[in-house]
>>> print(open('protein22.cif').read())   # mmCIF, C-alpha atoms
data_work
#
loop_
_atom_site.label_atom_id
_atom_site.label_comp_id
_atom_site.auth_asym_id
_atom_site.auth_seq_id
_atom_site.Cartn_x
_atom_site.Cartn_y
_atom_site.Cartn_z
CA MET A 1 0.00 0.00 0.00
CA ILE A 2 1.57 3.26 -1.18
CA VAL A 3 0.36 6.50 0.40
CA SER A 4 1.49 9.91 -0.86
CA GLU A 5 3.39 12.42 1.24
CA LYS A 6 0.34 14.67 1.02
CA ILE A 7 -1.79 12.16 2.94
CA VAL A 8 0.97 11.42 5.47
CA HIS A 9 1.40 15.12 6.25
CA LEU A 10 -2.36 15.64 6.43
CA ALA A 11 -2.66 12.83 9.02
CA GLU A 12 0.14 14.38 11.09
CA GLU A 13 -1.55 17.78 10.89
CA ALA A 14 -4.83 16.20 11.99
CA GLU A 15 -3.27 14.61 15.06
CA ARG A 16 -1.88 17.94 16.21
CA ALA A 17 -5.28 19.59 15.79
CA LEU A 18 -7.09 16.71 17.52
CA ALA A 19 -4.92 16.45 20.65
CA GLU A 20 -7.53 18.05 22.90
CA HIS A 21 -10.32 15.85 21.53
CA PHE A 22 -8.23 12.71 21.94
CA ALA A 23 -7.57 13.66 25.58
CA ARG A 24 -11.33 14.04 26.21
CA ILE A 25 -11.99 10.64 24.65
CA ASP A 26 -9.39 9.11 26.95
CA ARG A 27 -11.10 10.63 29.98
CA VAL A 28 -14.45 9.12 28.97
CA SER A 29 -12.78 5.76 28.37
CA PHE A 30 -11.23 5.85 31.85
CA GLU A 31 -14.56 6.62 33.55
CA ASN A 32 -16.36 3.88 31.63
CA THR A 33 -13.58 1.38 32.35
CA GLN A 34 -13.78 2.22 36.03
CA ARG A 35 -17.53 1.55 35.98
CA VAL A 36 -17.02 -1.84 34.32
CA MET A 37 -14.26 -2.84 36.73
CA ASP A 38 -16.26 -1.73 39.77
CA SER A 39 -19.08 -4.03 38.69
CA PHE A 40 -16.68 -6.92 38.02
CA ARG A 41 -15.30 -6.47 41.52
CA GLU A 42 -18.72 -6.18 43.16
CA HIS A 43 -19.94 -9.36 41.47
CA ARG A 44 -16.76 -11.24 42.36
CA VAL A 45 -15.91 -12.28 38.82
CA CYS A 46 -13.69 -15.36 38.87
CA ASP A 47 -12.38 -18.07 36.57
CA ALA A 48 -15.27 -20.40 37.38
CA MET A 49 -17.63 -18.02 35.58
CA PHE A 50 -15.81 -18.64 32.31
CA GLN A 51 -16.63 -22.35 32.27
CA SER A 52 -18.87 -23.72 29.53
CA GLY A 53 -22.51 -24.57 30.10
CA SER A 54 -24.40 -27.11 28.00
CA GLY A 55 -27.91 -28.40 27.37
CA TYR A 56 -30.53 -26.19 28.95
CA GLY A 57 -27.89 -24.13 30.73
CA TYR A 58 -29.62 -24.23 34.09
CA ASP A 59 -27.57 -22.66 36.90
CA ASP A 60 -25.02 -21.18 34.50
CA ARG A 61 -23.53 -18.80 37.05
CA GLY A 62 -21.26 -17.06 34.55
CA ARG A 63 -24.19 -16.26 32.26
CA ASP A 64 -26.38 -14.99 35.10
CA VAL A 65 -23.65 -12.80 36.62
CA LEU A 66 -22.86 -11.33 33.20
CA ASP A 67 -26.53 -10.26 32.93
CA GLU A 68 -26.24 -8.58 36.34
CA ILE A 69 -23.01 -6.80 35.40
CA TRP A 70 -24.54 -5.56 32.16
CA ALA A 71 -27.48 -4.15 34.08
CA ASP A 72 -25.06 -2.29 36.38
CA VAL A 73 -22.97 -0.91 33.55
CA MET A 74 -26.00 0.18 31.52
CA GLY A 75 -27.74 1.79 34.49
CA ALA A 76 -30.64 -0.67 34.13
CA GLU A 77 -32.73 -2.87 36.41
CA ALA A 78 -32.06 -6.01 34.37
CA ALA A 79 -30.26 -7.22 31.26
CA LEU A 80 -30.25 -10.15 28.86
CA VAL A 81 -26.92 -10.90 27.17
CA ARG A 82 -26.62 -13.94 24.89
CA HIS A 83 -24.10 -15.16 22.33
CA SER A 84 -27.00 -16.82 20.47
CA ILE A 85 -28.41 -13.45 19.38
CA VAL A 86 -27.06 -13.33 15.85
CA SER A 87 -27.09 -9.57 15.13
CA GLY A 88 -28.32 -6.19 16.23
CA THR A 89 -31.39 -6.65 14.01
CA HIS A 90 -32.12 -9.94 15.76
CA ALA A 91 -31.80 -8.30 19.19
CA LEU A 92 -34.14 -5.50 18.11
CA THR A 93 -36.63 -8.00 16.72
CA ILE A 94 -36.66 -9.83 20.05
CA GLY A 95 -37.43 -6.56 21.82
CA LEU A 96 -40.12 -5.44 19.37
CA PHE A 97 -41.98 -8.75 19.31
CA GLY A 98 -41.52 -9.12 23.06
CA ILE A 99 -43.42 -5.91 23.83
CA LEU A 100 -45.84 -5.30 20.96
CA ARG A 101 -49.21 -7.07 20.60
CA PRO A 102 -51.96 -7.09 17.91
CA GLY A 103 -53.66 -3.70 17.78
CA ASP A 104 -50.64 -1.87 19.22
CA VAL A 105 -48.78 0.91 17.44
CA MET A 106 -45.00 1.14 17.19
CA TYR A 107 -44.22 4.85 16.95
CA SER A 108 -40.76 5.78 15.62
CA VAL A 109 -39.92 9.38 16.58
CA ALA A 110 -36.47 9.71 15.00
CA GLY A 111 -37.45 9.01 11.43
CA LYS A 112 -37.21 5.71 9.60
CA PRO A 113 -35.41 2.95 11.50
CA TYR A 114 -32.37 1.19 10.09
CA ASP A 115 -32.95 -0.50 6.72
CA THR A 116 -32.86 -4.07 8.07
CA LEU A 117 -35.89 -3.35 10.30
CA GLU A 118 -38.14 -2.46 7.35
CA GLU A 119 -39.15 -6.08 6.72
CA VAL A 120 -39.38 -6.80 10.45
CA ILE A 121 -41.90 -3.96 10.83
CA GLY A 122 -43.63 -4.75 7.53
CA LEU A 123 -42.77 -1.56 5.67
CA THR A 124 -41.35 -3.70 2.87
CA GLY A 125 -41.33 -7.41 2.09
CA ASN A 126 -44.12 -9.88 1.50
CA ALA A 127 -47.36 -10.23 3.40
CA GLY A 128 -47.41 -13.41 5.42
CA ASP A 129 -43.67 -13.47 6.12
CA GLY A 130 -44.24 -12.86 9.84
CA SER A 131 -43.63 -9.12 10.17
CA LEU A 132 -45.14 -7.03 12.94
CA ARG A 133 -47.74 -5.84 10.44
CA ASP A 134 -48.72 -9.46 9.76
CA PHE A 135 -49.45 -9.80 13.47
CA GLY A 136 -51.66 -6.70 13.50
CA VAL A 137 -49.11 -4.21 14.82
CA ASP A 138 -49.37 -0.80 13.17
CA TYR A 139 -46.55 1.66 12.59
CA ALA A 140 -46.36 5.45 12.82
CA GLN A 141 -43.43 7.77 12.25
CA THR A 142 -42.30 11.30 12.94
CA ASP A 143 -39.11 12.59 11.37
CA LEU A 144 -36.57 14.73 13.17
CA ASN A 145 -36.32 18.45 12.54
CA GLU A 146 -33.73 19.62 10.03
CA ASP A 147 -31.35 20.39 12.90
CA GLY A 148 -31.71 16.83 14.17
CA SER A 149 -33.92 17.63 17.16
CA PHE A 150 -37.16 15.92 18.11
CA ARG A 151 -40.46 17.36 16.88
CA PHE A 152 -42.02 17.52 20.31
CA ASP A 153 -45.22 19.24 19.16
CA GLU A 154 -45.99 16.52 16.62
CA ILE A 155 -44.96 13.75 19.03
CA GLY A 156 -47.23 15.20 21.72
CA ASP A 157 -50.17 15.46 19.30
CA LYS A 158 -49.81 11.82 18.25
CA LEU A 159 -49.51 10.57 21.82
CA ARG A 160 -52.67 12.46 22.81
CA THR A 161 -54.77 11.58 19.76
CA MET A 162 -53.75 7.91 19.44
CA GLY A 163 -53.74 7.34 23.19
CA LYS A 164 -53.19 3.82 24.46
CA LYS A 165 -52.87 2.41 20.94
CA ILE A 166 -49.25 3.60 21.01
CA LYS A 167 -47.52 0.89 23.02
CA MET A 168 -43.96 1.77 22.07
CA VAL A 169 -42.03 4.93 21.28
CA PHE A 170 -38.99 3.81 19.30
CA VAL A 171 -35.78 5.82 19.04
CA GLN A 172 -32.81 5.03 16.85
CA ARG A 173 -29.84 6.73 18.49
CA SER A 174 -27.49 6.41 15.53
CA LYS A 175 -28.06 7.84 12.07
CA GLY A 176 -28.29 4.42 10.38
CA TYR A 177 -28.27 5.03 6.64
CA LEU A 178 -29.72 8.53 7.00
CA ASN A 179 -27.77 11.75 6.65
CA ARG A 180 -28.65 13.08 10.07
CA LYS A 181 -26.87 13.67 13.34
CA THR A 182 -26.71 11.06 16.08
CA LEU A 183 -28.82 11.62 19.19
CA SER A 184 -27.11 12.20 22.53
CA VAL A 185 -28.13 10.44 25.74
CA ALA A 186 -29.24 13.81 27.12
CA GLU A 187 -31.56 14.37 24.14
CA ILE A 188 -33.02 10.89 24.59
CA GLY A 189 -33.53 11.70 28.27
CA GLU A 190 -35.51 14.83 27.35
CA LEU A 191 -37.68 12.72 25.05
CA VAL A 192 -38.32 10.12 27.76
CA LYS A 193 -39.38 12.84 30.22
CA PHE A 194 -41.71 14.36 27.61
CA VAL A 195 -43.30 11.02 26.69
CA ARG A 196 -43.80 10.11 30.37
CA SER A 197 -45.61 13.43 30.97
CA ILE A 198 -48.26 12.44 28.42
CA SER A 199 -48.24 8.62 28.28
CA PRO A 200 -46.66 7.11 31.41
CA GLU A 201 -47.39 3.52 30.34
CA VAL A 202 -45.64 3.70 26.97
CA PHE A 203 -42.44 1.68 26.54
CA VAL A 204 -39.56 3.82 25.29
CA VAL A 205 -37.20 1.57 23.33
CA VAL A 206 -33.79 2.67 22.05
CA ASP A 207 -31.71 1.14 19.29
CA ASN A 208 -28.34 1.81 20.93
CA CYS A 209 -26.14 0.26 18.23
CA TYR A 210 -22.83 2.12 17.74
CA GLY A 211 -23.45 4.37 20.77
CA GLU A 212 -22.30 2.28 23.73
CA PHE A 213 -19.44 3.73 25.83
CA VAL A 214 -19.17 6.86 23.70
CA GLU A 215 -20.59 8.81 26.65
CA THR A 216 -20.35 8.09 30.36
CA VAL A 217 -24.03 7.12 30.67
CA GLU A 218 -26.38 5.00 28.56
CA PRO A 219 -30.07 5.61 27.71
CA CYS A 220 -31.27 3.29 30.51
CA ALA A 221 -29.84 5.78 32.99
CA VAL A 222 -32.15 8.52 31.67
CA GLY A 223 -35.30 6.40 31.79
CA ALA A 224 -35.47 4.29 28.61
CA ASP A 225 -37.42 1.06 29.21
CA LEU A 226 -35.38 -1.08 26.84
CA VAL A 227 -31.99 -0.43 25.23
CA ILE A 228 -30.74 -2.83 22.58
CA GLY A 229 -27.48 -3.51 20.77
CA SER A 230 -25.02 -5.95 19.24
CA LEU A 231 -21.92 -7.46 20.81
CA ILE A 232 -19.98 -7.30 17.55
CA LYS A 233 -20.20 -3.53 17.74
CA ASN A 234 -18.93 -1.37 20.63
CA PRO A 235 -19.88 -3.48 23.68
CA GLY A 236 -18.12 -6.65 22.55
CA GLY A 237 -14.79 -4.84 22.54
CA GLY A 238 -13.63 -6.76 19.48
CA MET A 239 -13.53 -9.96 21.56
CA ALA A 240 -17.11 -11.28 21.44
CA GLU A 241 -17.57 -13.33 18.28
CA SER A 242 -21.37 -13.08 18.25
CA GLY A 243 -24.21 -11.93 20.45
CA GLY A 244 -26.45 -9.12 21.50
CA TYR A 245 -27.96 -7.53 24.58
CA LEU A 246 -31.21 -6.03 25.84
CA ALA A 247 -31.15 -3.95 29.03
CA GLY A 248 -33.80 -1.95 30.84
CA THR A 249 -36.64 -2.34 33.28
CA LYS A 250 -37.30 -5.78 34.77
CA ARG A 251 -40.63 -6.06 32.98
CA ALA A 252 -39.31 -5.04 29.57
CA VAL A 253 -36.36 -7.44 29.79
CA GLU A 254 -38.65 -10.21 31.03
CA LEU A 255 -40.97 -9.76 28.04
CA ALA A 256 -37.97 -9.81 25.70
CA SER A 257 -36.67 -12.99 27.33
CA TYR A 258 -40.03 -14.68 26.69
CA ARG A 259 -39.62 -13.90 23.01
CA LEU A 260 -36.02 -15.17 23.00
CA THR A 261 -36.96 -18.54 24.51
CA SER A 262 -40.56 -19.11 25.63
CA VAL A 263 -43.14 -17.68 28.01
CA GLY A 264 -42.51 -18.86 31.55
CA ILE A 265 -38.90 -19.87 30.85
CA GLY A 266 -37.31 -16.64 29.64
CA ALA A 267 -33.75 -16.00 30.79
CA GLU A 268 -33.52 -19.12 32.96
CA VAL A 269 -32.07 -21.18 30.11
CA GLY A 270 -29.49 -20.77 27.39
CA ALA A 271 -26.24 -22.71 27.48
CA SER A 272 -23.15 -20.51 27.28
CA LEU A 273 -21.26 -23.11 25.18
CA GLY A 274 -17.86 -21.70 26.12
CA GLN A 275 -18.62 -18.10 25.06
CA ASN A 276 -18.78 -16.49 28.52
CA LYS A 277 -15.08 -15.67 28.71
CA LEU A 278 -15.10 -13.81 25.40
CA MET A 279 -18.15 -11.79 26.41
CA TYR A 280 -16.66 -10.88 29.80
CA LYS A 281 -13.35 -10.01 28.18
CA GLY A 282 -15.10 -8.02 25.46
CA LEU A 283 -17.01 -5.95 28.01
CA PHE A 284 -13.74 -5.29 29.84
CA TYR A 285 -12.11 -4.04 26.63
CA ALA A 286 -15.19 -2.20 25.31
CA PRO A 287 -14.56 1.33 26.71
CA HIS A 288 -10.97 1.36 25.43
CA THR A 289 -11.82 -0.19 22.05
CA THR A 290 -14.65 2.31 21.56
CA ALA A 291 -12.18 5.11 22.30
CA GLN A 292 -9.88 3.81 19.56
CA ALA A 293 -12.76 3.84 17.10
CA LEU A 294 -13.71 7.38 18.11
CA LYS A 295 -10.18 8.66 17.55
CA THR A 296 -10.16 7.02 14.13
CA ALA A 297 -13.49 8.69 13.29
CA HIS A 298 -12.16 12.13 14.29
CA LEU A 299 -9.10 11.56 12.11
CA ALA A 300 -11.26 10.56 9.15
CA ALA A 301 -13.43 13.65 9.55
CA TYR A 302 -10.40 15.94 9.57
CA ILE A 303 -8.70 14.37 6.55
CA PHE A 304 -11.77 14.14 4.32
CA GLU A 305 -13.04 17.58 5.27
CA LYS A 306 -9.64 18.99 4.28
CA LEU A 307 -9.91 17.09 0.99
CA GLY A 308 -13.16 18.92 0.25
CA TYR A 309 -15.83 16.39 1.17
CA CYS A 310 -18.89 16.99 3.33
CA VAL A 311 -18.57 15.02 6.55
CA GLU A 312 -20.75 14.45 9.61
CA PRO A 313 -19.87 14.99 12.39
CA HIS A 314 -17.20 17.61 11.71
CA TRP A 315 -13.71 16.84 12.97
CA ASN A 316 -14.00 19.13 16.01
CA GLU A 317 -17.50 18.12 17.13
CA GLU A 318 -18.31 15.98 20.15
CA ARG A 319 -19.65 12.58 19.18
CA HIS A 320 -22.47 10.34 20.37
CA ASP A 321 -21.65 7.22 18.35
CA ILE A 322 -18.68 5.85 16.43
CA ILE A 323 -20.09 6.42 12.93
CA GLN A 324 -18.46 8.90 10.57
CA THR A 325 -20.10 9.77 7.27
CA VAL A 326 -18.37 11.06 4.16
CA ILE A 327 -20.57 12.22 1.28
CA THR A 328 -18.57 11.05 -1.73
CA GLY A 329 -20.94 12.33 -4.44
CA SER A 330 -20.64 9.37 -6.80
CA ALA A 331 -20.84 5.60 -6.89
CA GLU A 332 -17.25 5.47 -8.16
CA LEU A 333 -15.89 7.47 -5.23
CA LEU A 334 -17.98 5.53 -2.70
CA CYS A 335 -16.51 2.28 -4.03
CA ALA A 336 -13.01 3.79 -3.97
CA PHE A 337 -13.44 4.75 -0.31
CA CYS A 338 -14.57 1.27 0.66
CA ARG A 339 -11.80 -0.39 -1.33
CA GLY A 340 -9.22 1.75 0.46
CA ILE A 341 -10.62 0.70 3.85
CA GLN A 342 -10.45 -2.94 2.75
CA GLU A 343 -6.87 -2.49 1.59
CA GLY A 344 -5.97 -1.03 4.98
CA SER A 345 -7.53 -3.89 6.95
CA PRO A 346 -5.67 -6.72 8.73
CA VAL A 347 -7.79 -9.50 7.17
CA ASP A 348 -8.63 -9.95 3.47
CA ALA A 349 -6.67 -6.83 2.51
CA PHE A 350 -6.21 -8.37 -0.95
CA VAL A 351 -9.99 -8.54 -1.61
CA THR A 352 -11.77 -5.93 -3.78
CA PRO A 353 -15.27 -5.11 -2.44
CA GLU A 354 -18.09 -4.92 -4.99
CA PRO A 355 -21.68 -3.67 -4.58
CA TRP A 356 -24.31 -6.39 -4.16
CA ALA A 357 -27.95 -6.95 -3.27
CA MET A 358 -27.47 -7.68 0.42
CA PRO A 359 -30.44 -9.33 2.20
CA GLY A 360 -32.51 -6.86 4.19
CA TYR A 361 -31.47 -3.78 2.17
CA SER A 362 -33.53 -1.99 -0.49
CA ASP A 363 -30.50 -0.80 -2.53
CA GLN A 364 -27.27 -2.42 -3.57
CA VAL A 365 -24.72 -1.99 -0.81
CA ILE A 366 -20.93 -2.00 -0.88
CA MET A 367 -19.19 -3.15 2.27
CA ALA A 368 -15.56 -3.20 3.32
CA ALA A 369 -14.73 -5.28 6.37
CA GLY A 370 -11.35 -6.90 6.76
CA ALA A 371 -12.32 -8.18 10.18
CA PHE A 372 -11.32 -11.07 12.43
CA THR A 373 -15.03 -11.58 13.19
CA GLN A 374 -17.38 -11.53 10.23
CA GLY A 375 -19.60 -8.45 10.25
CA SER A 376 -17.88 -6.93 13.27
CA SER A 377 -18.35 -3.20 12.81
CA ILE A 378 -16.26 -2.26 15.84
CA GLU A 379 -13.42 -3.45 13.65
CA LEU A 380 -12.35 -1.25 10.74
CA SER A 381 -15.28 -1.22 8.35
CA ALA A 382 -17.15 0.95 5.88
CA ASP A 383 -20.29 0.56 3.86
CA GLY A 384 -22.95 2.49 2.04
CA PRO A 385 -25.97 2.06 -0.22
CA LEU A 386 -25.51 2.91 -3.87
CA ARG A 387 -27.96 5.79 -3.90
CA PRO A 388 -27.43 9.56 -3.97
CA PRO A 389 -25.64 11.34 -2.39
CA TYR A 390 -23.45 8.19 -2.16
CA THR A 391 -22.58 8.44 1.48
CA ALA A 392 -19.85 6.28 2.99
CA PHE A 393 -20.63 5.18 6.55
CA PHE A 394 -17.37 4.48 8.32
CA GLN A 395 -16.82 3.04 11.78
CA GLY A 396 -14.46 1.08 13.95
CA GLY A 397 -10.81 0.38 14.33
CA LEU A 398 -9.73 -2.01 17.09
CA THR A 399 -6.63 0.13 17.47
CA TYR A 400 -6.16 3.76 16.47
CA GLU A 401 -2.95 2.85 14.64
CA SER A 402 -4.70 0.36 12.36
CA GLY A 403 -7.60 2.76 11.86
CA ARG A 404 -5.15 5.47 10.81
CA ILE A 405 -3.68 3.15 8.19
CA GLY A 406 -7.13 2.37 6.80
CA ILE A 407 -8.16 6.02 6.61
CA MET A 408 -4.96 6.98 4.81
CA ALA A 409 -5.51 4.17 2.30
CA ALA A 410 -9.11 5.29 1.67
CA ALA A 411 -8.03 8.88 1.13
CA GLN A 412 -5.34 7.80 -1.32
CA ARG A 413 -7.80 5.64 -3.26
CA MET A 414 -10.18 8.57 -3.66
CA ILE A 415 -7.42 10.93 -4.78
CA ASP A 416 -6.37 8.37 -7.38
CA VAL A 417 -9.86 8.11 -8.95
#
>>> encode(input="protein22.cif", output="structure tokens")
Amino acid sequence: MIVSEKIVHLAEEAERALAEHFARIDRVSFENTQRVMDSFREHRVCDAMFQSGSGYGYDDRGRDVLDEIWADVMGAEAALVRHSIVSGTHALTIGLFGILRPGDVMYSVAGKPYDTLEEVIGLTGNAGDGSLRDFGVDYAQTDLNEDGSFRFDEIGDKLRTMGKKIKMVFVQRSKGYLNRKTLSVAEIGELVKFVRSISPEVFVVVDNCYGEFVETVEPCAVGADLVIGSLIKNPGGGMAESGGYLAGTKRAVELASYRLTSVGIGAEVGASLGQNKLMYKGLFYAPHTTAQALKTAHLAAYIFEKLGYCVEPHWNEERHDIIQTVITGSAELLCAFCRGIQEGSPVDAFVTPEPWAMPGYSDQVIMAAGAFTQGSSIELSADGPLRPPYTAFFQGGLTYESGRIGIMAAAQRMIDV
């Protein structure tokens, strides 16, 4: 991989400009690490908890203690953490089907959810496939304002006019595949307070993917009933090889557990099959690994903004998730960006990514992911749908050094187009 002196000097310039931001990220990482370690200590984590369960998994102490630690760390009453949850979409589906019933309304107040939830909800796909709509669950949506804030007037009107039909207010913290800003925990807290003032019984559910450990508190701590994410993103720390989590109130987590297994059994079963150690270790690493990804995102924002591209967030803005967007302006440049990221990855660096019709997406998508764990977006990765304005969604980097290499390669690829 050959990178020009221009890109090398630009990266060095960026690091000088970003010193203060990197120091702030380190402070957040320290506070989050301290919270994780305090919980490990309180729950007396020991080697015996890493042993493998089998069969039904009754009395799997390591699994049960990990749930308790996750609840502590997330600021929740309860948590459900399982390696058998195959993706963030799967975890979200468990939460949605766990809470919603025929005749209920799922109300999304931050615009359209992530693309892979469209078929789960029933916005796309075939009738009879088992979507929420097939089961008589309706869907309503309110977009964010242009500045990325909640439309409280419209949300209030819908809550008052639709009343108890609205069972769930759904919030996607991250931008997904939309060109909008990520929501902060404080903003989600304001929403929760507002919703509670009108509809106290409504479940507030947050898709927390990409946001864990970016701030020093999580949405559970500001009143969200259920917060959901994937272990092959931030909270797995690059160690967990599969899995997801749901954390929140005891009732919300209980309902989700009934969907994961069966009513009356819930979280009491689920063999760990030797995965406990990786999930404990991943949680231990998660604050630091997330910090590495954040530093890489800041670097990317600086370099590509200096090269003339529109980026979000800007290089000097505080962040609320690990995602960095770069509006490339063309399919050719989007592909070049992703191919540079692939070239700068530790695994499959020799592979050339191509756009394809990925299951669950409405447009062709190009993805770069030279990862040790397939689909692990806490590792260096980039992707984007082939639709205008051809936005690259970049995230991850297990180490800042490797992330820096990937960003420099992507920049060089785009210059060479």
>>> resolve_selection(input="protein22.cif", expression="the PyMOL selection byres ((chain A and resi 145) around 12)", output="PyMOL selection string")
chain A and resi 109-111+142-144+146-155+180-181
>>> residues_around(input="protein22.cif", residues="stretch 388-394 of chain A", least_positions_apart="2", cutoff="10 Å", atoms="all atoms listed in the file", output="PyMOL selection string")
chain A and resi 175-179+293+296-297+300+310-312+322-335+337-338+341+366-368+377+380-386+396-397+407
>>> residues_near_point(input="protein22.cif", point="(-4.0, 13.8, 0.5)", cutoff="7 Å", atoms="only C-alpha atoms", output="ChimeraX atom specification")
/A:4,6-7,10,307,411-412,415
>>> closest_residue(input="protein22.cif", among="A:Ala79, A:Ile198, A:Met37, A:Val206", to="A:Lys250", atoms="only C-alpha atoms")
A:Ala79
>>> resolve_selection(input="protein22.cif", expression="the PyMOL selection byres ((chain A and resi 275) around 10)", output="list in words")
Phe50, Gln51, Ser52, Gly53, Gly62, Arg63, Arg82, His83, Ser84, Ala240, Glu241, Ser242, Gly243, Ala271, Ser272, Leu273, Gly274, Asn276, Lys277, Leu278, Met279 and Tyr280 of chain A
>>> closest_residue(input="protein22.cif", among="A:Met162, A:Ala286, A:Leu191, A:Leu100", to="A:Leu132", atoms="all atoms listed in the file")
A:Leu100
>>> residues_around(input="protein22.cif", residues="A:Ile2", least_positions_apart="3", cutoff="10 Å", atoms="only C-alpha atoms", output="PyMOL selection string")
chain A and resi 5+408-409+412-413
>>> atom_distance(input="protein22.cif", atom1="atom CA of A:Phe22", atom2="atom CA of A:Ile232")
23.6 Å
>>> closest_residue(input="protein22.cif", among="A:Pro287, A:Pro355, A:Gly88, A:Gly340", to="A:Arg35", atoms="only C-alpha atoms")
A:Pro287
>>> closest_residue(input="protein22.cif", among="A:Glu77, A:Glu212, A:Asp416, A:Glu401", to="A:Glu15", atoms="all atoms listed in the file")
A:Glu401
>>> atom_distance(input="protein22.cif", atom1="atom CA of A:Ile378", atom2="atom CA of A:Ser345")
12.6 Å
>>> resolve_selection(input="protein22.cif", expression="the PyMOL selection byres ((chain A and resi 318) around 10)", output="list in words")
His21, Arg24, Ile25, Ser184, Val214, Glu215, Leu294, His298, Pro313, His314, Trp315, Asn316, Glu317, Arg319, His320 and Asp321 of chain A
>>> residues_around(input="protein22.cif", residues="A:Gly125", least_positions_apart="2", cutoff="12 Å", atoms="all atoms listed in the file", output="VMD selection string")
chain A and resid 115 to 123 127 to 134 359 to 362
>>> atom_distance(input="protein22.cif", atom1="atom CA of A:Leu398", atom2="atom CA of A:Asp38")
23.6 Å
>>> residues_near_point(input="protein22.cif", point="(-36.5, -14.4, 27.8)", cutoff="7 Å", atoms="only C-alpha atoms", output="number ranges by chain")
A: 254-262, 265-267
>>> closest_residue(input="protein22.cif", among="A:Gly375, A:Pro200, A:Gly229, A:Gly282", to="A:Thr93", atoms="all atoms listed in the file")
A:Gly229
>>> closest_residue(input="protein22.cif", among="A:Arg44, A:Arg27, A:Arg251, A:Arg387", to="A:Val65", atoms="all atoms listed in the file")
A:Arg44
>>> residues_around(input="protein22.cif", residues="A:Val347", least_positions_apart="5", cutoff="12 Å", atoms="only C-alpha atoms", output="list of chain:residue names")
A:Ile341, A:Gln342, A:Ala368, A:Ala369, A:Gly370, A:Ala371, A:Phe372, A:Thr373, A:Gln374, A:Glu379, A:Leu380, A:Ser381, A:Ser402, A:Gly406
>>> write_last_selection(input="protein22.cif", atoms="C-alpha atoms", output="compact mmCIF listing (two decimals), keeping the file's coordinate frame")
# COMPACT_ATOMS: atom_id res chain seq x y z
CA ILE A 341 -10.62 0.70 3.85
CA GLN A 342 -10.45 -2.94 2.75
CA ALA A 368 -15.56 -3.20 3.32
CA ALA A 369 -14.73 -5.28 6.37
CA GLY A 370 -11.35 -6.90 6.76
CA ALA A 371 -12.32 -8.18 10.18
CA PHE A 372 -11.32 -11.07 12.43
CA THR A 373 -15.03 -11.58 13.19
CA GLN A 374 -17.38 -11.53 10.23
CA GLU A 379 -13.42 -3.45 13.65
CA LEU A 380 -12.35 -1.25 10.74
CA SER A 381 -15.28 -1.22 8.35
CA SER A 402 -4.70 0.36 12.36
CA GLY A 406 -7.13 2.37 6.80
